[in-house]
Every structure is written in structure tokens, then in C-alpha cells.
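Peer 1: Attaching a single structure in C-alpha cells format; questions to follow.
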Amino acid sequence: MAPHADLTISYGDGNATPRTVGSHVPWSEETFRALDDFEEEGSSTVFGYEQKFNPITTALLNGTFIQSVELDDYHSSAPLHSNSIVLPALFSAVEAKKKGSTPPVVDGATFLLSSIVGFEVGPRAGLALYGGHMLTMGWHSGAIFGPPAAAAAVSKLFGLSPLQTEDAIGTACTQACGLMAAQYGGMVKRMHHGFAARSGLLSALLARSGYTGIRKVFERPYGGYLAMFSSGSGKTPPYKEEEIIKGLGSMWHTEEIRLKAYASCAGCHGLIDAISKLQKQYPERMADLESIRHIQIDLSDPVFHHNGWKAEERPVTSTGGQMNAGYVAATMLVDGQVLLEQFAASHLDRDAVWDLVWKTDCVHNPEFDYPDCGCGAIVKIEFEDGTILIDRVEKPKGIDPVLSNEDVVDKWRKLTHPVMDVARANAIEKLVLDMENVKDVREILSLLGGEVKDSLSLE
């Protein structure tokens, strides 16, 4: 257990970053205001705010905040952002009380164990549906794989029986949904993983009170989770039921969760690294952006469908920019970095960026269509004088090499110290890094609640 617990501590710390950094960016504040218009005051913590709501609403909000800035985690084989699903559901579960009672104290070790249960269930559900192929089909994979993960995690936290846990997972699976068309604009893409967190928590709360769900939800050939979400996939067999329990207890998907190095969709990270390598190898040539004639980016099938779309109008939204390979590439060429500030409203309509976006084409390259392709990319840049520069990245930073524990803590400090009191940030860091010995998880929640600054409005 120890290696997996240590790993989860690192991910917990890394994903406290988007919880706090993401809670006051403009689209997160819009989410909060929209819910605050009709929600009553509650007793469950909202990350980055003084106000509290009921646990179902806080799971939705906090999951949305973690996904709001694209600085969270991802599982590259079965694409989902586990921490934006599992952790909000668990934190809200910690504060969920039955009427007339006080919620029991949950210690850090119990919280970690419950997290790992969720981290294992989500990718297994995803791999049974061929993982990234769900993106190719137009489903937002994490919003599909996430509800059973959250339900399983909260069921473990509540100490539910196996039958109650099956009920919770069955109820969560019938709520699974997420349309990938949300990536082109609007704010709702940010909320998809919050929906999954909310669904999982609600399902476990219902099961705890005796409400029954769909039994054998993964196995049912008619109307079952795998049967329906694999419909029209073109795969043979249409789904792989055995992936649900494959290597259970010996193969740990928790160890395959990766933290992002850049503030964009993970599918774009390979092209970012490829451009970075070219900038270091050919600094003078790569600085002459006006002489670029054409850019071609080769991507895997899931990433091509997810990120390789051609922008139809200028400007894109912040969501669209972070999801669009051409825009991310142009931003990297112009700024030499892809951080949160690149997607602020003031940066979305720059001529230097859009001149390059219009010169960029993405193509599907079957060479990247292998299991655990790791968001690889080939970037080919052609200049007006005929010079062509090419670089290929199989797996970007964050996958290979993974971010070290030191990298994660450094990321936490750089992103949180500007938006909150340093003493508060240090207190959160200390507790999370010693999670196994925390006596009451509500001590962490008390620090995650409370106002923080908008990370996009810092001077």
C-alpha cells in the first residue's frame, strides 16, 4: 500500500493547485454565481470561497474548479482527469451528514485508501471501452468513465457493503454523459468532470440509505454501460469486459496518473515539447515567425479528433484555445510557453498568434495509434525559403519523464503563492504531504475554503 499512498499524496498536492488557482478565473466565478442564484446556504466547503452549499452542489463546483484551468492530472491510456472527479466527491462526502447527526471524522489514511479505489475504477471502465477511442467517437471520455470512479471511492469512504457499492456504481453509470462538442466554446466543458463527481457522490448517498441501482451494470448486454457506450464504435469486440478486473490487486492504474506540465489539453503536450526542442536547436530561425509558410502537426486518431480541429472563427474562447492544437502551437511559437496567462481574454485575439493558426494544419498519423501512445506528435515547419524543420515527440514531459515529487511541489508553490497567503499555502502543503497521518481531513478543507485571488487578474 505504501508506494501507492505516497503517489496519491503527490497527486493530491498537485491537484490542490487547480482547486485554488481555478476557483476564481472568470468562467469559474460565472459557475459559482449561477448556482448561488438558487442554491441555499449549506455546510459543505467550496474551494476558494467563504460561502458553503450542500454536498451535491460543492462536488459539482469543486470538480469544475479543478478542471477549469487545464493544469490537473490525466490518465493517458484511459483519458480522464481522476482527481477532478474523485477528490471533490470525497471531500463533499466527508462533510455530508444525515439530518440531525454530525458526520463522522475521516482520517487521512482512510481518505487516501478511498481515493485509490476511485483511481483504479475509472481507468478500468475506460479501458473496457478502448480508452481514447471514446474521444474519437465524440464522447468526453472522463465524463463517461468518471461517475463509477466517484461512486466507488465514496462507497469505500462510507464503508458500504459490496451490494450497496454495486448499487452506487449502477446508479452512477446511468448518469454518465459528456458531449465533446463542448470543447469548441462555452463554459460547460469545464463542468463535465464536476457532473461526474456529483453523480458519484449522489449515487453513494442514495445507496447508503438503501436505494438500489442497476445490478451488473457493466455486464448487461441490453442497456448496460459497456454495451451502450460502445454502440457504433466500430471495434471488434465492441467492448472488453475483462478490463474491469484485469490485474486487480497487482496492476495499479494509480501509478499511471500523470500531472500536466502545461495549461492545455494533454493531447497538445507532445507538440509543445516538439516546438520547444526546435526553438532550442534553431533559436534564430524559430524566432523569425513571419517567414513561416506552413505548419503541419501529426497526431494520433483520438488526439486528432479531440484537438486537431480547424478553428472557424477568431477569436476562440479560452476553452477552445486550450483544446485546439493549432492555437496551442501558435501560442508556443509566439510566447515560448503555454501557461494559464496565454488563455486570458486579453491574449485570445493577437495577430501574431492568429497568423500562425491560419497557417497550421493537423493530420491523423496512424503511427501514433498504439496503446498508451502518450500524446505524441510530429511538428513540421516549412519556411518561405524552403527550409523544413521537423521534430517528433513520442511522449511529452509529464508522461516520460513524469513530473517528480519535487516538480509537483514546485508547481504548487509557483501557482498558489500569488493567489493566497503563503502561510495558508504552506499549511495545506504540509498537511497533504503528511496525509497518511492527518487525524481529520476537515482540517485540510478548512484551509481550502476561503477566498483566493483570480489567477488571471494578477499584476
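Just so we're on the same page: first chain in the C-alpha cells is A, next is B, and so on; residues restart at 1 for each chain, and ligands are numbered from 1 in the order they show up.
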Can you tell me which residues surround Lys439 in chain A at a distance of at most 9 Å, considering only C-alpha atoms, apart from same-chain residues fewer than 5 positions away, and format the answer as a PyMOL selection string?

Peer 2: chain A and resi 105-109

Peer 1: Considering only C-alpha atoms, return as a list in words whatever protein or nucleic-acid residues lie within 9 Å of Ala204 in chain A, sequence-local ones (same chain, fewer than 5 positions apart) excluded.

Peer 2: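 Non-adjacent residues within range: Ala150, Ala151, Ala152, Ala153, Val154, Ser155, Phe158, Leu160, Gln164, Thr165, Asp167, Ala168, Ile169, Thr171, Ala172, Ser199 and Ser209 of chain A.
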
Peer 1: Of the candidates A:Gly376, A:Pro79, A:Gly326, A:Trp27, which shows the shortest atom-to-atom distance to Thr136 in chain A, using only C-alpha atoms?

Peer 2: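 Nearest candidate to Thr136 in chain A out of A:Gly376, A:Pro79, A:Gly326, A:Trp27: A:Pro79.
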
Peer 1: Which residue is closest to Glu443 in chain A? Choose from A:Ala59, A:Cys268, A:Val94, A:Ile388 and count only C-alpha atoms.

Peer 2: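 For Glu443 in chain A, the nearest of the candidates is A:Val94.
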
Peer 1: When you look at Asp301 in chain A with a cut-off of 10 Å (counting only C-alpha atoms), what residues show up, excluding the ones that are within fewer than 5 positions of it in the same chain? I need them as a list in words.

Peer 2: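 The contact residues come out as Gly132, His133, Leu135, Thr136, His306, Asn307, Gly308, Val363, His364, Asn365, Pro366, Glu367, Phe368, Asp369 and Tyr370 of chain A.
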
Peer 1: How would you write, as number ranges by chain, the set of residues in range 43-274 of chain A that DSSP gives as strand (DSSP E or B)?

Peer 2: A: 44-45, 52-53, 73-75, 139, 179, 257-259

Peer 1: Those residues with N, CA and C atoms, as a PDB file, in the first residue's frame please?

Peer 2:
```pdb
ATOM      1  N   SER A  44     -21.160  22.550   3.428  1.00  0.00           N
ATOM      2  CA  SER A  44     -20.075  21.878   2.724  1.00  0.00           C
ATOM      3  C   SER A  44     -19.180  22.907   2.048  1.00  0.00           C
ATOM      4  N   THR A  45     -17.890  22.651   2.071  1.00  0.00           N
ATOM      5  CA  THR A  45     -16.883  23.625   1.664  1.00  0.00           C
ATOM      6  C   THR A  45     -16.794  23.779   0.150  1.00  0.00           C
ATOM      7  N   LYS A  52     -20.785  28.398   1.762  1.00  0.00           N
ATOM      8  CA  LYS A  52     -20.908  26.945   1.717  1.00  0.00           C
ATOM      9  C   LYS A  52     -22.271  26.558   1.144  1.00  0.00           C
ATOM     10  N   PHE A  53     -22.304  25.389   0.476  1.00  0.00           N
ATOM     11  CA  PHE A  53     -23.540  24.865  -0.086  1.00  0.00           C
ATOM     12  C   PHE A  53     -23.742  23.432   0.405  1.00  0.00           C
ATOM     13  N   ASP A  73      -4.534  16.555 -13.657  1.00  0.00           N
ATOM     14  CA  ASP A  73      -3.909  15.270 -13.968  1.00  0.00           C
ATOM     15  C   ASP A  73      -4.634  14.612 -15.137  1.00  0.00           C
ATOM     16  N   TYR A  74      -4.052  13.538 -15.645  1.00  0.00           N
ATOM     17  CA  TYR A  74      -4.733  12.737 -16.666  1.00  0.00           C
ATOM     18  C   TYR A  74      -4.132  11.343 -16.719  1.00  0.00           C
ATOM     19  N   HIS A  75      -4.935  10.407 -17.170  1.00  0.00           N
ATOM     20  CA  HIS A  75      -4.516   9.024 -17.417  1.00  0.00           C
ATOM     21  C   HIS A  75      -4.479   8.868 -18.931  1.00  0.00           C
ATOM     22  N   TRP A 139     -17.404  11.395 -27.493  1.00  0.00           N
ATOM     23  CA  TRP A 139     -17.744  11.434 -26.080  1.00  0.00           C
ATOM     24  C   TRP A 139     -16.600  12.077 -25.300  1.00  0.00           C
ATOM     25  N   LEU A 179     -20.691  15.364 -23.881  1.00  0.00           N
ATOM     26  CA  LEU A 179     -20.540  15.549 -25.322  1.00  0.00           C
ATOM     27  C   LEU A 179     -19.311  16.399 -25.616  1.00  0.00           C
ATOM     28  N   ILE A 257      -1.404   7.656 -13.465  1.00  0.00           N
ATOM     29  CA  ILE A 257      -1.937   9.019 -13.476  1.00  0.00           C
ATOM     30  C   ILE A 257      -0.769   9.993 -13.591  1.00  0.00           C
ATOM     31  N   ARG A 258      -0.901  10.958 -14.467  1.00  0.00           N
ATOM     32  CA  ARG A 258       0.182  11.913 -14.723  1.00  0.00           C
ATOM     33  C   ARG A 258      -0.314  13.339 -14.456  1.00  0.00           C
ATOM     34  N   LEU A 259       0.601  14.191 -14.029  1.00  0.00           N
ATOM     35  CA  LEU A 259       0.277  15.600 -13.818  1.00  0.00           C
ATOM     36  C   LEU A 259       0.742  16.422 -14.999  1.00  0.00           C
TER      37      LEU A 259
END
```

Peer 1: Write out as number ranges by chain which residues come within 7 Å of Val46 in chain A when counting only C-alpha atoms, dropping same-chain ones fewer than 2 positions away.

Peer 2: A: 44, 48-49, 51-52, 58, 62, 449

Peer 1: Put those residues in a file: N, CA, C and O atoms, as an mmCIF file, in the first residue's frame.

Peer 2:
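result_16.cif written:
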```cif
data_model
loop_
_atom_site.group_PDB
_atom_site.id
_atom_site.type_symbol
_atom_site.label_atom_id
_atom_site.label_comp_id
_atom_site.auth_asym_id
_atom_site.auth_seq_id
_atom_site.Cartn_x
_atom_site.Cartn_y
_atom_site.Cartn_z
ATOM 1 N N SER A 44 -21.160 22.550 3.428
ATOM 2 C CA SER A 44 -20.075 21.878 2.724
ATOM 3 C C SER A 44 -19.180 22.907 2.048
ATOM 4 O O SER A 44 -19.653 23.897 1.480
ATOM 5 N N GLY A 48 -11.960 27.902 -2.366
ATOM 6 C CA GLY A 48 -11.688 29.274 -2.756
ATOM 7 C C GLY A 48 -12.781 30.268 -2.425
ATOM 8 O O GLY A 48 -12.699 31.429 -2.837
ATOM 9 N N TYR A 49 -13.813 29.847 -1.673
ATOM 10 C CA TYR A 49 -14.921 30.738 -1.317
ATOM 11 C C TYR A 49 -15.262 30.574 0.159
ATOM 12 O O TYR A 49 -15.087 29.498 0.744
ATOM 13 N N GLN A 51 -18.458 31.083 1.205
ATOM 14 C CA GLN A 51 -19.812 30.538 1.240
ATOM 15 C C GLN A 51 -19.794 29.020 1.132
ATOM 16 O O GLN A 51 -18.935 28.422 0.481
ATOM 17 N N LYS A 52 -20.785 28.398 1.762
ATOM 18 C CA LYS A 52 -20.908 26.945 1.717
ATOM 19 C C LYS A 52 -22.271 26.558 1.144
ATOM 20 O O LYS A 52 -23.255 27.291 1.284
ATOM 21 N N THR A 58 -21.433 21.273 -3.910
ATOM 22 C CA THR A 58 -19.992 21.525 -3.766
ATOM 23 C C THR A 58 -19.172 20.516 -4.569
ATOM 24 O O THR A 58 -18.114 20.870 -5.098
ATOM 25 N N ASN A 62 -16.552 22.079 -7.064
ATOM 26 C CA ASN A 62 -15.128 21.815 -6.850
ATOM 27 C C ASN A 62 -14.524 20.985 -7.974
ATOM 28 O O ASN A 62 -13.373 21.185 -8.364
ATOM 29 N N GLY A 449 -11.192 26.096 1.802
ATOM 30 C CA GLY A 449 -12.251 27.084 1.761
ATOM 31 C C GLY A 449 -11.675 28.459 2.069
ATOM 32 O O GLY A 449 -10.556 28.598 2.555
#
```

Peer 1: When distances are computed from only C-alpha atoms, which of A:Lys280, A:Lys260, A:His269, A:Lys310 shows the smallest separation from Val328 in chain A?

Peer 2: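 Among the listed residues, the smallest separation from Val328 in chain A belongs to A:His269.
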